[in-house]
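What follows is the content of upload-v2.csv (CSV, C-alpha atoms).
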chain,number,residue,atom,x,y,z
A,24,MET,CA,90.2,120.5,125.7
A,25,ARG,CA,88.1,120.4,128.9
A,26,HIS,CA,85.2,119.2,126.9
A,27,ILE,CA,87.2,116.3,125.5
A,28,LEU,CA,88.5,115.4,128.9
A,29,ALA,CA,85.0,115.5,130.3
A,30,TRP,CA,83.7,113.3,127.6
A,31,VAL,CA,86.4,110.7,128.1
A,32,ALA,CA,85.9,110.8,131.8
A,33,ALA,CA,82.1,110.4,131.3
A,34,LEU,CA,82.7,107.4,129.0
A,35,VAL,CA,85.1,105.7,131.4
A,36,VAL,CA,82.7,106.2,134.3
A,37,ALA,CA,79.7,105.1,132.2
A,38,ALA,CA,81.5,102.0,131.0
A,39,SER,CA,83.1,100.9,134.3
A,40,PRO,CA,80.4,98.5,135.4
A,41,ALA,CA,80.6,96.7,132.1
A,42,LEU,CA,84.4,96.7,132.3
A,43,ALA,CA,84.3,95.3,135.8
A,44,HIS,CA,82.5,92.2,134.6
A,45,GLU,CA,84.3,92.0,131.3
A,46,GLY,CA,86.1,88.8,132.4
A,47,GLY,CA,89.6,89.6,131.2
A,48,VAL,CA,92.2,87.2,132.4
A,49,ASP,CA,96.0,87.4,132.1
A,50,ALA,CA,98.2,84.4,132.9
A,51,LYS,CA,102.0,83.9,132.9
A,52,GLY,CA,103.5,80.4,132.5
A,53,VAL,CA,105.4,78.0,130.3
A,54,VAL,CA,103.8,76.2,127.3
A,55,LYS,CA,102.9,72.7,128.3
A,56,ALA,CA,100.9,71.7,125.2
A,57,LEU,CA,99.9,73.4,122.0
A,58,VAL,CA,97.4,72.2,119.5
A,59,ALA,CA,95.3,74.0,116.9
A,60,ASP,CA,92.4,75.0,119.1
A,61,ARG,CA,94.0,75.3,122.6
A,62,ILE,CA,97.1,76.1,124.5
A,63,THR,CA,97.9,74.7,127.9
A,64,ILE,CA,100.4,76.5,130.2
A,65,ASP,CA,101.8,75.7,133.6
A,66,THR,CA,101.4,78.6,136.0
A,67,ARG,CA,102.4,79.0,139.6
A,68,HIS,CA,98.9,77.8,140.5
A,69,GLY,CA,98.8,74.9,138.2
A,70,GLU,CA,97.7,74.2,134.7
A,71,LYS,CA,95.6,76.6,132.7
A,72,ILE,CA,93.9,75.9,129.4
A,73,PHE,CA,92.9,78.6,126.9
A,74,ALA,CA,90.9,78.2,123.7
A,75,LEU,CA,92.6,79.4,120.5
A,76,THR,CA,90.5,81.0,117.8
A,77,PRO,CA,91.2,82.4,114.4
A,78,ASP,CA,91.4,85.8,116.0
A,79,THR,CA,94.0,84.8,118.6
A,80,GLU,CA,97.2,86.9,118.0
A,81,PHE,CA,100.6,85.4,118.6
A,82,VAL,CA,103.5,87.8,119.3
A,83,ARG,CA,107.2,87.3,119.9
A,84,GLY,CA,108.8,90.4,121.2
A,85,SER,CA,107.3,93.1,119.1
A,86,LYS,CA,106.6,91.0,116.0
A,87,PRO,CA,103.6,89.0,115.0
A,88,VAL,CA,104.3,85.3,114.6
A,89,LYS,CA,102.3,82.1,113.9
A,90,ARG,CA,101.1,79.5,116.4
A,91,GLU,CA,103.6,77.1,115.0
A,92,ASP,CA,106.4,79.4,116.0
A,93,LEU,CA,105.7,78.8,119.7
A,94,ARG,CA,107.8,76.1,121.4
A,95,LEU,CA,106.9,73.8,124.2
A,96,GLY,CA,108.6,74.9,127.5
A,97,GLU,CA,108.9,78.5,126.6
A,98,ARG,CA,107.5,81.4,128.7
A,99,VAL,CA,104.4,83.0,127.5
A,100,VAL,CA,101.9,85.6,128.7
A,101,VAL,CA,98.3,84.9,127.7
A,102,HIS,CA,95.7,87.7,127.6
A,103,ALA,CA,92.3,86.1,127.5
A,104,ARG,CA,88.6,86.7,128.0
A,105,ALA,CA,85.9,84.6,129.5
A,106,ARG,CA,83.4,83.5,126.9
A,107,GLN,CA,80.7,81.0,127.3
A,108,GLY,CA,82.3,79.3,130.3
A,109,ALA,CA,85.7,79.0,128.6
A,110,LEU,CA,88.8,81.1,128.5
A,111,GLU,CA,89.5,82.4,125.0
A,112,ALA,CA,93.0,83.6,124.3
A,113,VAL,CA,93.1,87.0,122.7
A,114,GLN,CA,96.8,87.3,122.5
A,115,VAL,CA,99.7,85.0,123.3
A,116,ARG,CA,103.0,86.8,123.9
A,117,ALA,CA,106.3,84.9,123.9
A,118,GLY,CA,109.8,86.0,124.6
A,119,PRO,CA,113.2,84.3,124.6
A,120,GLY,CA,113.1,83.6,128.4
A,121,LYS,CA,115.2,81.1,130.3
A,122,ARG,CA,114.3,77.5,129.4
B,18,MET,CA,32.3,118.7,112.9
B,19,LYS,CA,33.5,120.0,109.6
B,20,PRO,CA,35.5,117.6,107.3
B,21,TRP,CA,38.8,119.4,107.7
B,22,GLY,CA,38.4,119.4,111.4
B,23,THR,CA,38.0,115.6,111.4
B,24,MET,CA,41.0,115.3,109.2
B,25,VAL,CA,43.2,117.4,111.5
B,26,LEU,CA,42.0,115.4,114.5
B,27,ALA,CA,42.8,112.2,112.7
B,28,ALA,CA,46.2,113.4,111.7
B,29,VAL,CA,47.0,114.5,115.2
B,30,ALA,CA,45.8,111.2,116.6
B,31,GLY,CA,47.7,109.2,114.0
B,32,GLY,CA,50.9,111.2,114.6
B,33,SER,CA,50.6,110.7,118.3
B,34,LEU,CA,50.0,107.0,118.0
B,35,ALA,CA,53.0,106.7,115.6
B,36,LEU,CA,55.2,108.6,118.1
B,37,LEU,CA,53.9,106.4,120.9
B,38,GLY,CA,54.7,103.3,118.9
B,39,VAL,CA,58.2,104.5,118.1
B,40,GLY,CA,58.7,105.4,121.7
B,41,VAL,CA,57.5,102.0,122.9
B,42,VAL,CA,59.7,100.2,120.3
B,43,LEU,CA,62.8,102.3,121.2
B,44,LEU,CA,62.3,102.3,125.0
B,45,HIS,CA,60.8,98.9,125.7
B,46,GLY,CA,64.0,97.9,127.3
B,47,GLY,CA,64.2,101.0,129.5
B,48,ILE,CA,67.5,102.7,129.5
B,49,ASP,CA,69.4,99.4,129.4
B,50,ALA,CA,72.4,99.8,127.1
B,51,ARG,CA,73.2,96.1,126.8
B,52,PRO,CA,70.8,94.9,124.1
B,53,GLU,CA,71.8,95.4,120.5
B,54,PRO,CA,69.9,98.3,118.8
B,55,SER,CA,67.1,96.9,116.6
B,56,GLY,CA,67.5,97.0,112.9
B,57,LEU,CA,64.8,99.7,112.7
B,58,GLU,CA,66.6,101.8,115.2
B,59,ALA,CA,69.9,101.4,113.3
B,60,VAL,CA,68.3,102.4,110.0
B,61,ILE,CA,66.6,105.4,111.5
B,62,ALA,CA,69.7,106.5,113.3
B,63,ARG,CA,71.9,106.2,110.2
B,64,ARG,CA,69.4,108.1,108.1
B,65,LEU,CA,69.0,110.9,110.7
B,66,ARG,CA,72.8,111.1,110.9
B,67,HIS,CA,73.1,111.4,107.2
B,68,LEU,CA,70.4,114.1,107.1
B,69,ALA,CA,72.0,116.0,110.0
B,70,ILE,CA,75.3,116.4,108.1
B,71,PRO,CA,75.0,119.5,105.9
B,72,ALA,CA,75.3,118.7,102.2
B,73,GLU,CA,78.3,121.0,101.8
B,74,ALA,CA,80.1,119.2,104.6
B,75,ARG,CA,79.3,115.8,103.0
B,76,ALA,CA,80.8,117.0,99.7
B,77,LEU,CA,84.2,118.0,101.2
B,78,LYS,CA,87.2,116.1,99.9
B,79,ASN,CA,90.3,115.4,102.1
B,80,PRO,CA,92.7,118.3,101.4
B,81,LEU,CA,95.7,116.3,102.6
B,82,PRO,CA,97.6,113.7,100.6
B,83,ALA,CA,97.7,110.2,102.1
B,84,THR,CA,101.5,110.2,102.5
B,85,SER,CA,103.2,107.6,104.7
B,86,GLN,CA,104.0,110.4,107.2
B,87,VAL,CA,100.4,111.4,107.4
B,88,LEU,CA,99.4,107.8,108.1
B,89,VAL,CA,102.1,107.5,110.8
B,90,ASP,CA,100.9,110.7,112.5
B,91,ALA,CA,97.3,109.6,112.3
B,92,ARG,CA,98.1,106.1,113.5
B,93,ALA,CA,99.7,107.5,116.7
B,94,HIS,CA,96.8,110.0,117.2
B,95,TYR,CA,94.2,107.2,116.7
B,96,ALA,CA,96.0,104.8,119.0
B,97,ASP,CA,96.0,107.5,121.7
B,98,HIS,CA,92.5,109.0,121.3
B,99,CYS,CA,90.3,106.6,119.4
B,100,ALA,CA,91.4,103.0,120.0
B,101,GLY,CA,89.9,102.9,123.5
B,102,CYS,CA,86.5,102.6,122.0
B,103,HIS,CA,87.2,101.7,118.3
B,104,GLY,CA,90.1,99.3,118.9
B,105,ASN,CA,93.4,99.6,117.2
B,106,ASP,CA,92.1,97.6,114.2
B,107,GLY,CA,88.9,99.7,114.0
B,108,SER,CA,86.7,96.6,114.8
B,109,GLY,CA,85.1,98.3,117.8
B,110,ARG,CA,85.7,95.1,119.8
B,111,THR,CA,86.9,96.7,123.0
B,112,PRO,CA,85.3,96.6,126.4
B,113,LEU,CA,84.3,100.3,126.1
B,114,GLY,CA,83.2,100.0,122.5
B,115,GLN,CA,81.0,97.0,123.2
B,116,ALA,CA,79.4,98.7,126.3
B,117,LEU,CA,78.2,101.7,124.3
B,118,TYR,CA,74.7,102.1,122.9
B,119,PRO,CA,74.9,101.9,120.0
B,120,ARG,CA,78.1,99.8,119.9
B,121,ALA,CA,81.2,101.3,118.4
B,122,PRO,CA,80.9,100.3,114.7
B,123,ASP,CA,83.3,98.1,112.9
B,124,MET,CA,84.8,100.9,110.8
B,125,ARG,CA,86.4,98.4,108.3
B,126,ARG,CA,83.0,97.6,107.0
B,127,PRO,CA,81.2,99.3,104.1
B,128,GLU,CA,78.8,101.1,106.4
B,129,THR,CA,81.7,103.3,107.5
B,130,GLN,CA,84.1,103.0,104.5
B,131,GLN,CA,81.3,104.2,102.1
B,132,LEU,CA,80.8,107.4,104.0
B,133,SER,CA,82.4,110.4,102.2
B,134,ASP,CA,85.5,112.1,103.4
B,135,GLY,CA,83.4,115.0,104.4
B,136,GLU,CA,81.0,112.8,106.5
B,137,LEU,CA,83.9,111.1,108.3
B,138,PHE,CA,85.5,114.5,109.0
B,139,TYR,CA,82.2,116.0,110.2
B,140,ILE,CA,81.7,113.1,112.6
B,141,VAL,CA,85.2,113.3,114.0
B,142,GLU,CA,84.9,117.0,114.4
B,143,ASN,CA,81.4,117.3,115.7
B,144,GLY,CA,80.6,113.9,117.3
B,145,VAL,CA,77.2,112.2,117.1
B,146,ARG,CA,74.6,113.1,119.7
B,147,LEU,CA,73.1,110.3,121.8
B,148,THR,CA,76.0,108.0,121.0
B,149,GLY,CA,79.4,107.6,122.7
B,150,MET,CA,81.1,109.6,119.8
B,151,PRO,CA,82.5,112.8,121.2
B,152,ALA,CA,83.2,116.0,119.2
B,153,TRP,CA,87.0,116.0,118.9
B,154,GLY,CA,87.2,119.2,116.8
B,155,THR,CA,89.4,122.0,118.0
B,156,PRO,CA,89.6,125.3,116.0
B,157,GLY,CA,92.9,125.3,114.1
B,158,LYS,CA,93.4,121.5,114.5
B,159,GLU,CA,91.3,120.5,111.5
B,160,PRO,CA,94.3,118.8,109.7
B,161,GLU,CA,94.5,116.3,112.6
B,162,SER,CA,90.9,115.2,111.8
B,163,TRP,CA,91.6,115.0,108.1
B,164,LYS,CA,94.6,112.8,108.8
B,165,LEU,CA,92.3,110.5,110.8
B,166,VAL,CA,90.0,110.3,107.8
B,167,HIS,CA,93.0,108.9,105.9
B,168,PHE,CA,93.7,106.5,108.7
B,169,ILE,CA,90.1,105.3,108.8
B,170,ARG,CA,90.4,104.5,105.1
B,171,HIS,CA,93.5,102.6,105.9
B,172,LEU,CA,91.9,100.4,108.6
B,173,PRO,CA,90.8,97.6,106.3
B,174,THR,CA,94.4,97.0,105.3
B,175,LEU,CA,96.1,97.5,108.7
B,176,THR,CA,98.9,95.1,109.2
B,177,PRO,CA,99.6,93.0,112.4
B,178,GLU,CA,102.9,94.9,112.7
B,179,GLU,CA,101.1,98.2,112.7
B,180,LYS,CA,98.7,96.9,115.4
B,181,LEU,CA,101.6,96.0,117.6
B,182,LEU,CA,103.1,99.4,117.2
B,183,MET,CA,99.8,100.9,118.2
B,184,GLU,CA,99.6,98.8,121.3
B,185,ARG,CA,102.6,100.7,122.6
B,186,LEU,CA,100.8,104.0,122.1
B,187,ASN,CA,97.5,103.1,123.7
B,188,PRO,CA,96.8,104.9,127.0
B,189,ARG,CA,97.4,102.8,130.1
B,190,SER,CA,96.9,103.3,133.8
B,191,PRO,CA,99.9,103.2,136.1
B,192,ARG,CA,98.9,99.7,137.1
B,193,GLU,CA,98.7,98.6,133.5
B,194,TRP,CA,102.2,99.9,132.8
B,195,GLN,CA,103.4,98.1,135.9
B,196,GLU,CA,101.8,94.9,134.7
B,197,LEU,CA,103.3,95.3,131.2
B,198,GLU,CA,106.8,95.7,132.8
B,199,GLU,CA,106.3,92.6,134.9
B,200,GLU,CA,105.2,90.7,131.8
B,201,GLU,CA,108.3,91.9,129.9
B,202,ARG,CA,110.6,90.8,132.8
B,203,PHE,CA,108.8,87.4,133.0
B,204,LEU,CA,109.2,86.9,129.2
B,205,GLN,CA,112.9,87.9,129.4
B,206,GLY,CA,113.3,85.3,132.2
B,207,ASP,CA,114.6,88.0,134.6
B,208,ASP,CA,112.5,86.9,137.5
B,209,GLU,CA,114.1,83.9,139.3
B,210,GLY,CA,111.1,83.2,141.5
B,211,PRO,CA,108.3,80.8,140.8
B,212,LEU,CA,105.9,81.5,138.0
B,213,ALA,CA,103.5,84.3,138.8
B,214,PRO,CA,99.9,83.4,139.7
B,215,PRO,CA,97.2,84.1,137.2
B,216,HIS,CA,95.8,87.6,137.4
B,217,HIS,CA,92.1,88.4,137.0
B,218,GLY,CA,92.1,91.6,135.0
B,219,HIS,CA,89.3,93.6,136.7
Represent the structure of the file as C-alpha coordinates.
Amino acid sequence: MRHILAWVAALVVAASPALAHEGGVDAKGVVKALVADRITIDTRHGEKIFALTPDTEFVRGSKPVKREDLRLGERVVVHARARQGALEAVQVRAGPGKR
Amino acid sequence: MKPWGTMVLAAVAGGSLALLGVGVVLLHGGIDARPEPSGLEAVIARRLRHLAIPAEARALKNPLPATSQVLVDARAHYADHCAGCHGNDGSGRTPLGQALYPRAPDMRRPETQQLSDGELFYIVENGVRLTGMPAWGTPGKEPESWKLVHFIRHLPTLTPEEKLLMERLNPRSPREWQELEEEERFLQGDDEGPLAPPHHGH
(Lines of atoms letter the chains of each structure in order from A and count residues from 1; the text may use other names and numbers.)
(Lines give C-alpha, C1' and ligand atoms only; values in the text may rest on other atoms or scores of the structure.)
Protein backbone atom coordinates (compact mmCIF):
# COMPACT_ATOMS: atom_id res chain seq x y z
CA MET A 1 0.00 0.00 0.00
CA ARG A 2 2.81 2.39 0.87
CA HIS A 3 4.40 1.65 -2.47
CA ILE A 4 1.19 2.50 -4.26
CA LEU A 5 0.85 5.77 -2.39
CA ALA A 6 4.49 6.60 -3.08
CA TRP A 7 3.98 5.96 -6.78
CA VAL A 8 0.88 8.09 -6.96
CA ALA A 9 2.60 10.88 -5.04
CA ALA A 10 5.61 10.67 -7.33
CA LEU A 11 3.40 10.83 -10.42
CA VAL A 12 1.51 13.84 -9.13
CA VAL A 13 4.71 15.66 -8.22
CA ALA A 14 6.33 14.73 -11.52
CA ALA A 15 3.36 15.92 -13.53
CA SER A 16 2.62 19.08 -11.62
CA PRO A 17 4.60 21.47 -13.88
CA ALA A 18 2.69 20.18 -16.90
CA LEU A 19 -0.58 20.42 -15.02
CA ALA A 20 0.23 23.96 -14.02
CA HIS A 21 0.36 24.99 -17.65
CA GLU A 22 -2.36 22.70 -18.90
CA GLY A 23 -4.63 25.66 -19.58
CA GLY A 24 -7.88 24.37 -18.07
CA VAL A 25 -10.63 26.97 -17.86
CA ASP A 26 -14.01 26.73 -16.19
CA ALA A 27 -16.73 29.31 -16.74
CA LYS A 28 -20.25 29.75 -15.42
CA GLY A 29 -22.82 31.72 -17.31
CA VAL A 30 -25.99 31.71 -19.35
CA VAL A 31 -26.18 30.60 -22.95
CA LYS A 32 -26.25 33.62 -25.24
CA ALA A 33 -25.68 31.89 -28.58
CA LEU A 34 -25.24 28.33 -29.67
CA VAL A 35 -24.23 27.10 -33.09
CA ALA A 36 -22.65 23.92 -34.38
CA ASP A 37 -19.07 24.87 -33.68
CA ARG A 38 -19.26 27.32 -30.77
CA ILE A 39 -21.14 28.36 -27.68
CA THR A 40 -21.25 31.91 -26.36
CA ILE A 41 -22.08 32.49 -22.72
CA ASP A 42 -22.58 35.61 -20.65
CA THR A 43 -20.52 35.52 -17.49
CA ARG A 44 -20.05 38.00 -14.70
CA HIS A 45 -17.07 39.35 -16.57
CA GLY A 46 -18.63 39.53 -19.96
CA GLU A 47 -19.08 37.32 -22.93
CA LYS A 48 -16.98 34.21 -23.42
CA ILE A 49 -16.82 32.07 -26.53
CA PHE A 50 -15.85 28.40 -26.56
CA ALA A 51 -15.23 26.22 -29.58
CA LEU A 52 -17.32 23.05 -29.76
CA THR A 53 -15.76 19.90 -31.19
CA PRO A 54 -17.08 16.41 -31.91
CA ASP A 55 -15.56 15.42 -28.57
CA THR A 56 -17.40 18.09 -26.55
CA GLU A 57 -19.72 16.43 -24.04
CA PHE A 58 -23.10 17.91 -23.17
CA VAL A 59 -24.62 16.96 -19.85
CA ARG A 60 -27.88 17.86 -18.16
CA GLY A 61 -27.91 16.90 -14.50
CA SER A 62 -26.35 13.45 -14.57
CA LYS A 63 -27.43 12.47 -18.08
CA PRO A 64 -25.69 12.97 -21.40
CA VAL A 65 -27.65 15.13 -23.83
CA LYS A 66 -27.14 16.59 -27.29
CA ARG A 67 -26.14 20.12 -28.16
CA GLU A 68 -29.61 20.71 -29.52
CA ASP A 69 -31.04 20.06 -26.06
CA LEU A 70 -29.45 23.20 -24.64
CA ARG A 71 -31.61 26.31 -24.56
CA LEU A 72 -30.72 29.95 -24.95
CA GLY A 73 -30.77 31.75 -21.62
CA GLU A 74 -30.17 28.71 -19.45
CA ARG A 75 -27.34 28.37 -17.00
CA VAL A 76 -24.35 26.28 -17.96
CA VAL A 77 -20.90 25.47 -16.68
CA VAL A 78 -18.28 25.07 -19.38
CA HIS A 79 -15.12 23.09 -18.73
CA ALA A 80 -12.63 23.97 -21.41
CA ARG A 81 -9.00 23.78 -22.37
CA ALA A 82 -6.84 26.25 -24.21
CA ARG A 83 -5.80 24.89 -27.56
CA GLN A 84 -4.03 26.79 -30.32
CA GLY A 85 -5.09 30.15 -28.98
CA ALA A 86 -8.76 29.23 -28.60
CA LEU A 87 -10.83 27.86 -25.76
CA GLU A 88 -12.15 24.43 -26.61
CA ALA A 89 -15.11 23.16 -24.61
CA VAL A 90 -14.51 19.72 -23.14
CA GLN A 91 -17.83 19.50 -21.33
CA VAL A 92 -20.89 21.74 -21.14
CA ARG A 93 -23.05 21.04 -18.10
CA ALA A 94 -26.56 22.38 -17.85
CA GLY A 95 -29.11 22.38 -15.10
CA PRO A 96 -32.69 23.57 -14.67
CA GLY A 97 -31.58 26.87 -13.06
CA LYS A 98 -33.72 29.99 -12.77
CA ARG A 99 -34.39 31.68 -16.06
CA MET B 1 46.76 -10.14 -35.00
CA LYS B 2 45.02 -13.50 -35.44
CA PRO B 3 41.79 -13.55 -37.49
CA TRP B 4 39.58 -14.45 -34.52
CA GLY B 5 41.09 -11.57 -32.54
CA THR B 6 40.20 -9.18 -35.33
CA MET B 7 36.68 -10.55 -35.41
CA VAL B 8 36.24 -10.09 -31.65
CA LEU B 9 37.54 -6.54 -31.86
CA ALA B 10 35.24 -5.79 -34.77
CA ALA B 11 32.27 -7.27 -32.91
CA VAL B 12 33.03 -5.24 -29.78
CA ALA B 13 33.51 -2.07 -31.80
CA GLY B 14 30.33 -2.70 -33.79
CA GLY B 15 28.33 -3.43 -30.66
CA SER B 16 29.65 -0.31 -28.96
CA LEU B 17 28.79 1.81 -31.97
CA ALA B 18 25.28 0.32 -32.12
CA LEU B 19 24.73 0.99 -28.41
CA LEU B 20 26.06 4.53 -28.85
CA GLY B 21 23.73 5.03 -31.80
CA VAL B 22 20.71 3.78 -29.87
CA GLY B 23 21.72 5.96 -26.92
CA VAL B 24 22.02 9.04 -29.13
CA VAL B 25 18.67 8.32 -30.76
CA LEU B 26 16.94 7.75 -27.44
CA LEU B 27 18.56 10.55 -25.52
CA HIS B 28 19.06 13.28 -28.12
CA GLY B 29 16.31 15.23 -26.40
CA GLY B 30 17.93 14.90 -22.99
CA ILE B 31 15.46 13.83 -20.31
CA ASP B 32 12.69 16.01 -21.72
CA ALA B 33 9.40 14.07 -21.41
CA ARG B 34 7.46 16.35 -23.74
CA PRO B 35 8.31 14.94 -27.18
CA GLU B 36 6.44 11.92 -28.44
CA PRO B 37 8.54 8.75 -28.33
CA SER B 38 9.89 7.91 -31.78
CA GLY B 39 8.36 5.04 -33.71
CA LEU B 40 11.56 3.04 -33.24
CA GLU B 41 11.49 3.59 -29.51
CA ALA B 42 7.84 2.54 -29.31
CA VAL B 43 8.47 -0.64 -31.31
CA ILE B 44 11.49 -1.56 -29.18
CA ALA B 45 9.63 -0.82 -25.94
CA ARG B 46 6.59 -2.89 -26.92
CA ARG B 47 8.79 -5.77 -28.01
CA LEU B 48 10.81 -5.66 -24.79
CA ARG B 49 7.62 -5.54 -22.74
CA HIS B 50 6.28 -8.56 -24.58
CA LEU B 51 9.51 -10.49 -24.01
CA ALA B 52 9.66 -9.47 -20.36
CA ILE B 53 6.30 -11.05 -19.57
CA PRO B 54 6.82 -14.76 -18.93
CA ALA B 55 5.12 -17.05 -21.44
CA GLU B 56 3.10 -18.78 -18.72
CA ALA B 57 1.82 -15.42 -17.51
CA ARG B 58 0.88 -14.39 -21.05
CA ALA B 59 -1.12 -17.59 -21.47
CA LEU B 60 -3.33 -17.05 -18.41
CA LYS B 61 -7.05 -16.70 -19.03
CA ASN B 62 -9.30 -14.50 -16.94
CA PRO B 63 -10.70 -16.81 -14.24
CA LEU B 64 -13.64 -14.50 -13.50
CA PRO B 65 -16.81 -14.31 -15.57
CA ALA B 66 -17.61 -10.89 -17.04
CA THR B 67 -20.84 -10.43 -15.09
CA SER B 68 -22.52 -7.06 -14.77
CA GLN B 69 -21.53 -6.93 -11.10
CA VAL B 70 -17.89 -7.58 -11.96
CA LEU B 71 -17.99 -4.70 -14.43
CA VAL B 72 -19.66 -2.40 -11.91
CA ASP B 73 -17.01 -3.22 -9.30
CA ALA B 74 -14.20 -2.77 -11.81
CA ARG B 75 -15.66 0.49 -13.10
CA ALA B 76 -15.61 1.98 -9.62
CA HIS B 77 -12.10 0.66 -8.97
CA TYR B 78 -10.86 2.00 -12.30
CA ALA B 79 -12.48 5.42 -11.78
CA ASP B 80 -10.72 5.72 -8.43
CA HIS B 81 -7.29 4.26 -9.23
CA CYS B 82 -6.70 4.36 -12.99
CA ALA B 83 -8.66 7.21 -14.53
CA GLY B 84 -6.25 9.89 -13.29
CA CYS B 85 -3.79 8.82 -16.00
CA HIS B 86 -5.87 6.70 -18.38
CA GLY B 87 -9.08 8.75 -18.38
CA ASN B 88 -12.51 7.35 -17.61
CA ASP B 89 -12.86 6.34 -21.24
CA GLY B 90 -9.40 4.77 -21.43
CA SER B 91 -8.24 7.28 -24.02
CA GLY B 92 -5.29 8.44 -21.92
CA ARG B 93 -6.30 12.02 -22.66
CA THR B 94 -5.76 13.44 -19.20
CA PRO B 95 -3.25 16.06 -18.05
CA LEU B 96 -1.31 13.35 -16.19
CA GLY B 97 -1.52 10.77 -18.95
CA GLN B 98 -0.35 13.22 -21.60
CA ALA B 99 2.54 14.42 -19.42
CA LEU B 100 4.02 10.94 -19.04
CA TYR B 101 6.77 9.47 -21.20
CA PRO B 102 5.61 7.39 -22.89
CA ARG B 103 2.07 8.82 -22.94
CA ALA B 104 -0.67 6.80 -21.32
CA PRO B 105 -1.93 4.69 -24.23
CA ASP B 106 -5.40 4.79 -25.71
CA MET B 107 -6.47 1.45 -24.29
CA ARG B 108 -9.45 1.22 -26.63
CA ARG B 109 -7.08 0.68 -29.54
CA PRO B 110 -5.90 -2.70 -30.83
CA GLU B 111 -2.39 -2.22 -29.37
CA THR B 112 -3.97 -2.78 -25.94
CA GLN B 113 -7.09 -4.76 -26.81
CA GLN B 114 -5.04 -7.40 -28.63
CA LEU B 115 -2.92 -8.11 -25.55
CA SER B 116 -3.89 -11.38 -23.89
CA ASP B 117 -5.78 -11.49 -20.60
CA GLY B 118 -2.57 -12.68 -18.98
CA GLU B 119 -0.54 -9.78 -20.39
CA LEU B 120 -3.05 -7.20 -19.17
CA PHE B 121 -3.19 -8.85 -15.74
CA TYR B 122 0.61 -8.98 -15.54
CA ILE B 123 0.93 -5.30 -16.42
CA VAL B 124 -1.70 -4.25 -13.87
CA GLU B 125 -0.09 -6.39 -11.17
CA ASN B 126 3.57 -5.67 -11.90
CA GLY B 127 3.61 -2.30 -13.65
CA VAL B 128 6.04 -1.42 -16.43
CA ARG B 129 9.49 -0.14 -15.62
CA LEU B 130 10.57 3.25 -16.98
CA THR B 131 6.97 4.26 -17.63
CA GLY B 132 4.34 5.82 -15.38
CA MET B 133 2.59 2.47 -14.91
CA PRO B 134 2.90 1.42 -11.27
CA ALA B 135 2.67 -2.12 -9.92
CA TRP B 136 -0.78 -2.30 -8.36
CA GLY B 137 -0.58 -5.92 -7.30
CA THR B 138 -1.21 -6.79 -3.68
CA PRO B 139 -1.00 -10.41 -2.50
CA GLY B 140 -4.50 -11.82 -2.09
CA LYS B 141 -6.10 -9.07 -4.20
CA GLU B 142 -5.56 -10.69 -7.60
CA PRO B 143 -9.30 -10.86 -8.34
CA GLU B 144 -9.40 -7.05 -8.36
CA SER B 145 -6.85 -7.01 -11.18
CA TRP B 146 -8.74 -9.68 -13.11
CA LYS B 147 -11.88 -7.56 -12.81
CA LEU B 148 -9.92 -4.64 -14.25
CA VAL B 149 -8.90 -6.82 -17.18
CA HIS B 150 -12.61 -7.29 -17.92
CA PHE B 151 -13.18 -3.55 -17.65
CA ILE B 152 -10.29 -2.78 -20.02
CA ARG B 153 -11.99 -5.09 -22.52
CA HIS B 154 -15.21 -3.13 -21.97
CA LEU B 155 -13.64 0.31 -22.61
CA PRO B 156 -14.28 0.40 -26.38
CA THR B 157 -18.02 0.14 -25.71
CA LEU B 158 -18.21 2.35 -22.62
CA THR B 159 -21.39 4.45 -22.71
CA PRO B 160 -21.68 8.19 -21.97
CA GLU B 161 -23.88 7.28 -18.99
CA GLU B 162 -21.13 5.10 -17.55
CA LYS B 163 -18.59 7.90 -18.04
CA LEU B 164 -20.77 10.30 -16.06
CA LEU B 165 -21.16 7.75 -13.27
CA MET B 166 -17.39 7.41 -13.16
CA GLU B 167 -16.86 11.17 -12.92
CA ARG B 168 -18.58 11.04 -9.54
CA LEU B 169 -16.05 8.46 -8.38
CA ASN B 170 -12.87 10.17 -9.61
CA PRO B 171 -10.56 11.36 -6.83
CA ARG B 172 -10.80 15.10 -6.19
CA SER B 173 -9.01 17.56 -3.96
CA PRO B 174 -11.04 19.43 -1.32
CA ARG B 175 -10.91 22.48 -3.58
CA GLU B 176 -12.26 20.51 -6.53
CA TRP B 177 -15.13 19.20 -4.41
CA GLN B 178 -15.90 22.76 -3.36
CA GLU B 179 -15.88 23.92 -6.98
CA LEU B 180 -18.20 21.07 -7.93
CA GLU B 181 -20.63 22.04 -5.19
CA GLU B 182 -20.51 25.67 -6.34
CA GLU B 183 -21.23 24.55 -9.90
CA GLU B 184 -24.20 22.48 -8.73
CA ARG B 185 -25.59 25.43 -6.79
CA PHE B 186 -25.12 27.69 -9.79
CA LEU B 187 -26.84 25.25 -12.14
CA GLN B 188 -29.72 24.83 -9.68
CA GLY B 189 -30.07 28.62 -9.60
CA ASP B 190 -29.51 28.68 -5.85
CA ASP B 191 -27.09 31.59 -5.93
CA GLU B 192 -28.92 34.90 -6.16
CA GLY B 193 -25.82 36.99 -6.78
CA PRO B 194 -24.31 37.99 -10.09
CA LEU B 195 -22.83 35.32 -12.31
CA ALA B 196 -19.55 34.02 -11.01
CA PRO B 197 -16.37 35.12 -12.73
CA PRO B 198 -14.54 32.70 -14.98
CA HIS B 199 -12.08 30.53 -13.13
CA HIS B 200 -8.71 29.58 -14.50
CA GLY B 201 -8.23 26.00 -13.46
CA HIS B 202 -4.59 25.87 -12.40
* All residues 7 Å or closer to range 50-56 of chain B, only C-alpha atoms, same chain fewer than 6 positions away omitted, as number ranges by chain -> B: 116-119
Export of the given selection (C-alpha atoms) as a PDB file, keeping the file's coordinate frame:
ATOM      1  CA  ALA B 116      79.400  98.700 126.300  1.00  0.00           C
ATOM      2  CA  LEU B 117      78.200 101.700 124.300  1.00  0.00           C
ATOM      3  CA  TYR B 118      74.700 102.100 122.900  1.00  0.00           C
ATOM      4  CA  PRO B 119      74.900 101.900 120.000  1.00  0.00           C
TER       5      PRO B 119
END
* Asked: To one decimal place, how far is CA of Ser85 in chain A from CA of Ser85 in chain B in Å?
  -> 20.8 Å
* Asked: What lies within 9 Å of Ala100 in chain B using all atoms listed in the file, ignoring chain neighbours under 3 positions off, as an MDAnalysis selection string?
  -> chainID B and resid 95:97 103:107 109 111 183 187
* **Which residue of B:Ser33, B:Thr174, B:Ser133, B:Ser108 approaches Leu77 in chain B most closely, using all atoms listed in the file** => B:Ser133
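Among the candidates A:Val99, A:Leu93, A:Ile64, A:Ala109, the one nearest to chain B when counting only C-alpha atoms is A:Val99.
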